[in-house]
Amino acid sequence: DGGITQSPKYLFRKEGQNVTLSCEQNLNHDAMYWYRQDPGQGLRLIYYSQIVNDFQKGDIAEGYSVSREKKESFPLTVTSAQKNPTAFYLCASSIIIGSSYNEQFFGPGTRLTVL
Amino acid sequence: GQQVMQIPQYQHVQEGEDFTTYCNSSTTLSNIQWYKQRPGGHPVFLIQLVKSGEVKKQKRLTFQFGEAKKNSSLHITATQTTDVGTYFCAGGKPGSNYQLIWGAGTKLIIKP
């Protein structure tokens, strides 16, 4: 059964702690993305990766870090430098064909609450 | 930075009424994608429009991409309870390595 998994669904952390959110896909997609969603706002891109061992900053990368050591995995670390980390985090993936945009497939999301 | 404005933020309709959401960009887009997010869920792809003036239909849903590729709309005819959710447009940013710029979404609410 192909898809994207994110764990955990809910995560609570104390202020000042780093936390890593996992994202795994078995769709054999080259591109993976991390978005942040806040109430009443659209999705904002944090980081994206088109190939293993390479990734680029999105619009709101400050306070976040990622790695792409395997094609299937794209974990996101929310560091203590992120000023307002409480949010819903969504991971997505897509194929890359030539110069075309393709649909993005989303995981179920992780709701992070920093206390 | 480049933005995609989406209106309205909310739309309350009686079941059976129509629903429309609009997206406008300050600059030309490569393409526009539409997604639906059910309450408590994640965005699910509905459709992509690429050509200037393109119109596509999926049953009761009609999607349009403007002639200048700066605006788009989604129209739902005769809404049903299964249509409830938030509808997002996402525009392709030219020369951006496939980054999408997301609208803030329009939440469709069916009045009881």
# chains A, B, ... in the order shown; residues from 1 in each chain; ligands from 1
$ select_by_dssp --residues "chain B" --states "strand (DSSP E or B)" --output "VMD selection string"
chain B and resid 4 to 7 10 to 13 19 to 25 32 to 37 43 to 49 55 to 58 61 to 65 71 to 76 85 to 92 100 to 102 106 to 110
$ closest_atom_pairs --of "chain A" --to "chain B" --cutoff "6 Å" --atoms "only C-alpha atoms" --output "JSON lines"
{"residue": "A:Gln41", "atom": "CA", "partner": "B:Ala104", "partner_atom": "CA", "distance": 4.4}
{"residue": "A:Gly42", "atom": "CA", "partner": "B:Ala104", "partner_atom": "CA", "distance": 3.7}
{"residue": "A:Leu43", "atom": "CA", "partner": "B:Trp102", "partner_atom": "CA", "distance": 5.8}
{"residue": "A:Tyr101", "atom": "CA", "partner": "B:Tyr98", "partner_atom": "CA", "distance": 5.7}
{"residue": "A:Pro108", "atom": "CA", "partner": "B:His42", "partner_atom": "CA", "distance": 5.6}
$ closest_residue --among "A:Val19, A:Leu27, A:Thr110, A:Thr5" --to "Ser65 of chain A" --atoms "only C-alpha atoms"
A:Val19
$ residues_around --residues "segment 13-25 of chain B" --least-positions-apart "3" --cutoff "6 Å" --atoms "only C-alpha atoms" --output "ChimeraX atom specification"
/B:4-7,70-80,110-111
